[in-house]
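Right, one structure below, let's go through it.
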Amino acid sequence: MRKEISLGVDFGGTRIKIALVDSKGRILHRAAVAVRRSWPRKKLFGVLVQTIENFLNTHTPSKKSLLGVGMGLPGLIDFKRGFVHRFINVRGFRNLPLASMLRRRLKLPVFIDNDVNLMTLGEATYGAARGFSQVVCMTLGTGVGGGLILNGELYRGSSLSAGEIGHVPVSRGGPLCACGHRGCFETYVGNRAIVERARQRIRAGECTIALDLVDGKVSRLTPEVLSRAAKRGDRLSLSIWKEVGEWIGIALAGVVNVYNPDRIVIGGGVSEAGSVLFRPVRESLRTHALAWPLKNFEVVPAKLGNDAGVIGASVLVRRSLP
Ligand SMILES: [Zn+2]
């Protein structure tokens with residue numbers, strides 16, 4: 001029997017998501033387990049191994065039927081050496097040869113990479129950019145991440161940090177970013193920036209139905225609430241998404257001009273705002289990018305949602321094996 005199934009793992013700071021994925025990118029079984037960032041390394045590693053072992057015992061006849069395990073983690077990950085340099089917000093898990101540690105315990109081939117890289121691989125293989133070989137993926141949330149596919153292959157950069165779209169500077173002396181610099185793109189379109197725009201305008205006396213959706217509590221506003229309000233025609237919310245879309249278009253115009261991609265895929269919670277966000281993004285791109293690279297280009301919402309990570313991880317296994 002030809003092996004066609006691999007195990008995809010999305011190892012976040014608070015959750016391990018795990019799925020058996022077939023060669024067509026379909027999820028056969030899935031599970032999720034909560035973890036804590038504060039756990040010591042030994043415990044976190046133990047729970048990771050146990051979760052995978054239990055899952056495989058339940059859902060696969062034998063390990064022999066599996067190609068291997070692919071895993072995405074947020075942070076600075078060396079795919080070639082299977083090494084975790086830095087796991088964002090998880091102190092215990094750094095400078096760790098994670099792939100070989102897992103290989104020894106699981107007795108299976110194991111490959112690890114940055115989570116946004118794997119999401120990009122998933123979307124370019126089975127999702128919104130399926131069939132295209134020049135693809136940029138951007139995730140919008142608390143932070144703004146990015147992944148690049150160049151000539152059909154993940155491009156990781158000289159020291160593995162390629163794709164940091166969130167930290168492209170878009171203004172001189174702008175707001176302070178989590179990275180320590182000022183004026184990064186993320187400080188204009190990250191969750192915090194979006195909500196802060198709304199709060200400022202509410203404080204200045206503007207009315208919005210977004211407040212009714214959170215029982216009048218400004219502290220409970222989120223991008224998701226603002227997108228619900230915008231879909232009901234709320235003026236303040238619509239104008240905030242317009243501003244956010246304009247900024248995204250400006251940053252992506254830079255990407256389009258330099259890189260000339262087939263598709264840019266936008267994922268992450270904020271992208272669920274849908275057309276109230278994508279319309280101004282497309283307008284802003286037309287205003288700011290060169291006309292030629294826009295000819296056969298489209299900016300599209302991600303298709304695989306929360307599954308992009310585990311599906312991309314399974315693609316990594318198939319691509320990495322000889
Ligand atoms: Zn930054």
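Ordered as shown in the structure tokens, chains take letters A, B, and onward, while each chain numbers its residues from 1 and ligands are numbered from 1 in the order shown.
For ligand 1, the neighbouring protein, DNA and RNA residues, which are those within 10 Å when only C-alpha atoms and all ligand atoms are counted, are Gly143, Val144, Glu164, Ile165, Gly166, His167, Val168, Pro169, Pro175, Leu176, Cys177, Ala178, Cys179, Gly180, His181, Arg182, Gly183, Cys184, Phe185, Glu186 and Thr187 of chain A.
Between CA of Ala313 (chain A) and CA of Met71 (chain A) the separation is 5.4 Å.
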Exercise for review: Could you give me, as a PyMOL selection string, each residue of region 179-317 of chain A that DSSP assigns to alpha helix (DSSP H) when run on this structure's backbone?
Suggested key: chain A and resi 186-189+191-203+223-231+235-259+275-288+308-317
| Can you list every residue in region 16-193 of chain A that DSSP puts in strand (DSSP E), as JSON, numbers by chain? | {"A": [16, 17, 18, 19, 20, 21, 27, 28, 29, 30, 31, 32, 33, 34, 66, 67, 68, 69, 70, 71, 72, 73, 75, 76, 77, 78, 83, 84, 85, 86, 87, 110, 111, 112, 113, 114, 135, 136, 137, 138, 139, 140, 144, 145, 146, 147, 148, 149, 150, 153, 154]}
Across A:Leu28, A:Trp292, A:Ile149, A:Leu106, the smallest distance to Thr51 (chain A), with only C-alpha atoms counted, is shown by A:Leu106
For Gly127 (chain A), the closest of A:Leu56, A:Leu304, A:Leu221, A:Leu321 counting only C-alpha atoms is A:Leu304
| message | Could you list, as a VMD selection string, every residue within 9 Å of region 73-76 of chain A, counting only C-alpha atoms and ignoring same-chain residues fewer than 2 positions away? | response | chain A and resid 9 to 13 71 78 83 to 89 112 to 116 160 to 161
Exercise. For CA of Ala230 (chain A) and CA of Leu213 (chain A), quote the distance in Å rounded to one decimal.
Key: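 These atoms are spaced 11.7 Å apart.
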**Asked** Near Thr222 (chain A), within 10 Å and counting only C-alpha atoms, which residues show up once chain neighbours fewer than 4 positions away are dropped, as JSON, numbers by chain?
**Response** {"A": [191, 192, 194, 195, 196, 198, 210, 214, 218, 226, 227, 270]}
Can I get the selected residues back with all heavy atoms, as a PDB file, in the first residue's frame?
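Okay, this is what ended up in again_17.pdb:
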ATOM      1  N   ASN A 191      -4.610  44.228  15.522  1.00  0.00           N
ATOM      2  CA  ASN A 191      -5.871  44.301  16.298  1.00  0.00           C
ATOM      3  C   ASN A 191      -5.945  45.522  17.203  1.00  0.00           C
ATOM      4  O   ASN A 191      -6.949  46.210  17.264  1.00  0.00           O
ATOM      5  CB  ASN A 191      -6.009  43.063  17.193  1.00  0.00           C
ATOM      6  CG  ASN A 191      -6.481  41.856  16.407  1.00  0.00           C
ATOM      7  OD1 ASN A 191      -6.802  41.981  15.227  1.00  0.00           O
ATOM      8  ND2 ASN A 191      -6.526  40.705  17.050  1.00  0.00           N
ATOM      9  N   ARG A 192      -4.849  45.752  17.934  1.00  0.00           N
ATOM     10  CA  ARG A 192      -4.853  46.841  18.916  1.00  0.00           C
ATOM     11  C   ARG A 192      -5.079  48.192  18.228  1.00  0.00           C
ATOM     12  O   ARG A 192      -5.855  49.022  18.686  1.00  0.00           O
ATOM     13  CB  ARG A 192      -3.514  46.853  19.666  1.00  0.00           C
ATOM     14  CG  ARG A 192      -3.692  46.885  21.175  1.00  0.00           C
ATOM     15  CD  ARG A 192      -2.392  46.572  21.872  1.00  0.00           C
ATOM     16  NE  ARG A 192      -1.996  45.191  21.681  1.00  0.00           N
ATOM     17  CZ  ARG A 192      -0.728  44.760  21.546  1.00  0.00           C
ATOM     18  NH1 ARG A 192       0.263  45.615  21.543  1.00  0.00           N
ATOM     19  NH2 ARG A 192      -0.473  43.477  21.403  1.00  0.00           N
ATOM     20  N   ILE A 194      -6.555  48.773  15.375  1.00  0.00           N
ATOM     21  CA  ILE A 194      -7.911  48.880  14.821  1.00  0.00           C
ATOM     22  C   ILE A 194      -8.895  49.296  15.921  1.00  0.00           C
ATOM     23  O   ILE A 194      -9.693  50.216  15.753  1.00  0.00           O
ATOM     24  CB  ILE A 194      -8.339  47.531  14.198  1.00  0.00           C
ATOM     25  CG1 ILE A 194      -7.465  47.226  12.979  1.00  0.00           C
ATOM     26  CG2 ILE A 194      -9.818  47.560  13.809  1.00  0.00           C
ATOM     27  CD1 ILE A 194      -7.680  45.841  12.390  1.00  0.00           C
ATOM     28  N   VAL A 195      -8.803  48.628  17.065  1.00  0.00           N
ATOM     29  CA  VAL A 195      -9.720  48.926  18.170  1.00  0.00           C
ATOM     30  C   VAL A 195      -9.467  50.332  18.711  1.00  0.00           C
ATOM     31  O   VAL A 195     -10.400  51.070  19.029  1.00  0.00           O
ATOM     32  CB  VAL A 195      -9.583  47.850  19.272  1.00  0.00           C
ATOM     33  CG1 VAL A 195     -10.336  48.262  20.514  1.00  0.00           C
ATOM     34  CG2 VAL A 195     -10.084  46.502  18.766  1.00  0.00           C
ATOM     35  N   GLU A 196      -8.194  50.711  18.789  1.00  0.00           N
ATOM     36  CA  GLU A 196      -7.856  52.037  19.315  1.00  0.00           C
ATOM     37  C   GLU A 196      -8.435  53.160  18.447  1.00  0.00           C
ATOM     38  O   GLU A 196      -8.880  54.186  18.959  1.00  0.00           O
ATOM     39  CB  GLU A 196      -6.325  52.164  19.457  1.00  0.00           C
ATOM     40  CG  GLU A 196      -5.830  53.366  20.243  1.00  0.00           C
ATOM     41  CD  GLU A 196      -6.563  53.614  21.575  1.00  0.00           C
ATOM     42  OE1 GLU A 196      -6.909  52.627  22.254  1.00  0.00           O
ATOM     43  OE2 GLU A 196      -6.779  54.799  21.920  1.00  0.00           O
ATOM     44  N   ALA A 198     -11.231  53.062  16.869  1.00  0.00           N
ATOM     45  CA  ALA A 198     -12.656  53.168  17.227  1.00  0.00           C
ATOM     46  C   ALA A 198     -12.811  53.878  18.572  1.00  0.00           C
ATOM     47  O   ALA A 198     -13.644  54.776  18.719  1.00  0.00           O
ATOM     48  CB  ALA A 198     -13.280  51.782  17.271  1.00  0.00           C
ATOM     49  N   ALA A 210     -21.640  49.666  16.994  1.00  0.00           N
ATOM     50  CA  ALA A 210     -20.670  48.695  17.543  1.00  0.00           C
ATOM     51  C   ALA A 210     -20.765  48.670  19.065  1.00  0.00           C
ATOM     52  O   ALA A 210     -20.640  47.616  19.692  1.00  0.00           O
ATOM     53  CB  ALA A 210     -19.259  49.056  17.105  1.00  0.00           C
ATOM     54  N   VAL A 214     -21.698  45.513  22.320  1.00  0.00           N
ATOM     55  CA  VAL A 214     -20.900  45.117  23.489  1.00  0.00           C
ATOM     56  C   VAL A 214     -21.466  45.762  24.762  1.00  0.00           C
ATOM     57  O   VAL A 214     -20.723  46.094  25.697  1.00  0.00           O
ATOM     58  CB  VAL A 214     -19.398  45.484  23.321  1.00  0.00           C
ATOM     59  CG1 VAL A 214     -18.747  44.578  22.289  1.00  0.00           C
ATOM     60  CG2 VAL A 214     -19.217  46.943  22.915  1.00  0.00           C
ATOM     61  N   VAL A 218     -16.807  50.051  26.022  1.00  0.00           N
ATOM     62  CA  VAL A 218     -15.750  50.336  25.041  1.00  0.00           C
ATOM     63  C   VAL A 218     -14.617  49.309  25.149  1.00  0.00           C
ATOM     64  O   VAL A 218     -14.016  48.919  24.150  1.00  0.00           O
ATOM     65  CB  VAL A 218     -15.194  51.768  25.271  1.00  0.00           C
ATOM     66  CG1 VAL A 218     -14.103  52.107  24.275  1.00  0.00           C
ATOM     67  CG2 VAL A 218     -16.325  52.785  25.155  1.00  0.00           C
ATOM     68  N   LEU A 226     -16.368  45.221  15.259  1.00  0.00           N
ATOM     69  CA  LEU A 226     -16.394  46.302  14.267  1.00  0.00           C
ATOM     70  C   LEU A 226     -16.772  45.779  12.885  1.00  0.00           C
ATOM     71  O   LEU A 226     -17.389  46.489  12.099  1.00  0.00           O
ATOM     72  CB  LEU A 226     -15.029  47.005  14.212  1.00  0.00           C
ATOM     73  CG  LEU A 226     -14.653  47.776  15.486  1.00  0.00           C
ATOM     74  CD1 LEU A 226     -13.212  48.254  15.414  1.00  0.00           C
ATOM     75  CD2 LEU A 226     -15.585  48.975  15.691  1.00  0.00           C
ATOM     76  N   SER A 227     -16.409  44.532  12.596  1.00  0.00           N
ATOM     77  CA  SER A 227     -16.786  44.035  11.281  1.00  0.00           C
ATOM     78  C   SER A 227     -18.271  43.665  11.249  1.00  0.00           C
ATOM     79  O   SER A 227     -18.940  43.873  10.237  1.00  0.00           O
ATOM     80  CB  SER A 227     -15.872  42.884  10.822  1.00  0.00           C
ATOM     81  OG  SER A 227     -16.296  41.664  11.306  1.00  0.00           O
ATOM     82  N   VAL A 270      -8.735  39.136  11.371  1.00  0.00           N
ATOM     83  CA  VAL A 270      -9.167  40.411  10.785  1.00  0.00           C
ATOM     84  C   VAL A 270      -9.678  40.239   9.349  1.00  0.00           C
ATOM     85  O   VAL A 270     -10.600  40.923   8.911  1.00  0.00           O
ATOM     86  CB  VAL A 270      -8.014  41.449  10.846  1.00  0.00           C
ATOM     87  CG1 VAL A 270      -8.346  42.680  10.022  1.00  0.00           C
ATOM     88  CG2 VAL A 270      -7.739  41.837  12.297  1.00  0.00           C
TER      89      VAL A 270
END
Of A:Leu211, A:Ala251, A:Leu277, A:Ala124, the one sitting nearest Ala302 (chain A) when using only C-alpha atoms is A:Ala124
If we count only C-alpha atoms, what is near Ala308 (chain A) at a cut-off of 8 Å, once residues fewer than 6 positions away on the same chain are taken out, given as a short mmCIF file (atom, residue, chain, number, x, y, z; two decimals) with N, CA, C and O atoms, in the first residue's frame?
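Output contents, as saved in result-v6.cif:
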data_model
loop_
_atom_site.label_atom_id
_atom_site.label_comp_id
_atom_site.auth_asym_id
_atom_site.auth_seq_id
_atom_site.Cartn_x
_atom_site.Cartn_y
_atom_site.Cartn_z
N LEU A 118 4.06 27.63 6.95
CA LEU A 118 3.26 26.44 6.65
C LEU A 118 1.84 26.80 6.23
O LEU A 118 1.26 26.17 5.35
N MET A 119 1.30 27.87 6.83
CA MET A 119 -0.01 28.34 6.39
C MET A 119 0.07 28.75 4.91
O MET A 119 -0.81 28.45 4.11
N THR A 120 1.17 29.44 4.56
CA THR A 120 1.38 29.86 3.17
C THR A 120 1.45 28.65 2.24
O THR A 120 0.83 28.61 1.17
N GLY A 122 0.15 25.74 2.77
CA GLY A 122 -1.18 25.15 2.71
C GLY A 122 -2.07 25.90 1.72
O GLY A 122 -2.70 25.30 0.85
N GLU A 123 -2.10 27.23 1.82
CA GLU A 123 -2.96 28.03 0.94
C GLU A 123 -2.49 27.94 -0.52
O GLU A 123 -3.31 27.97 -1.44
N GLY A 127 -5.38 25.82 -1.10
CA GLY A 127 -6.30 26.89 -0.70
C GLY A 127 -6.49 27.97 -1.75
O GLY A 127 -6.60 27.71 -2.96
#
CA of Ile18 (chain A) to CA of Leu150 (chain A) measures 27.3 Å
Exercise for the section: Would you mind listing what lies within 8 Å of Asp262 (chain A) as a ChimeraX atom specification, with only C-alpha atoms counted and same-chain residues fewer than 4 positions away left out? Expected result: /A:132-135,296-298
Across A:Ser219, A:Asn95, A:Ser100, A:Ser284, the smallest distance to Arg41 (chain A), with only C-alpha atoms counted, is shown by A:Asn95
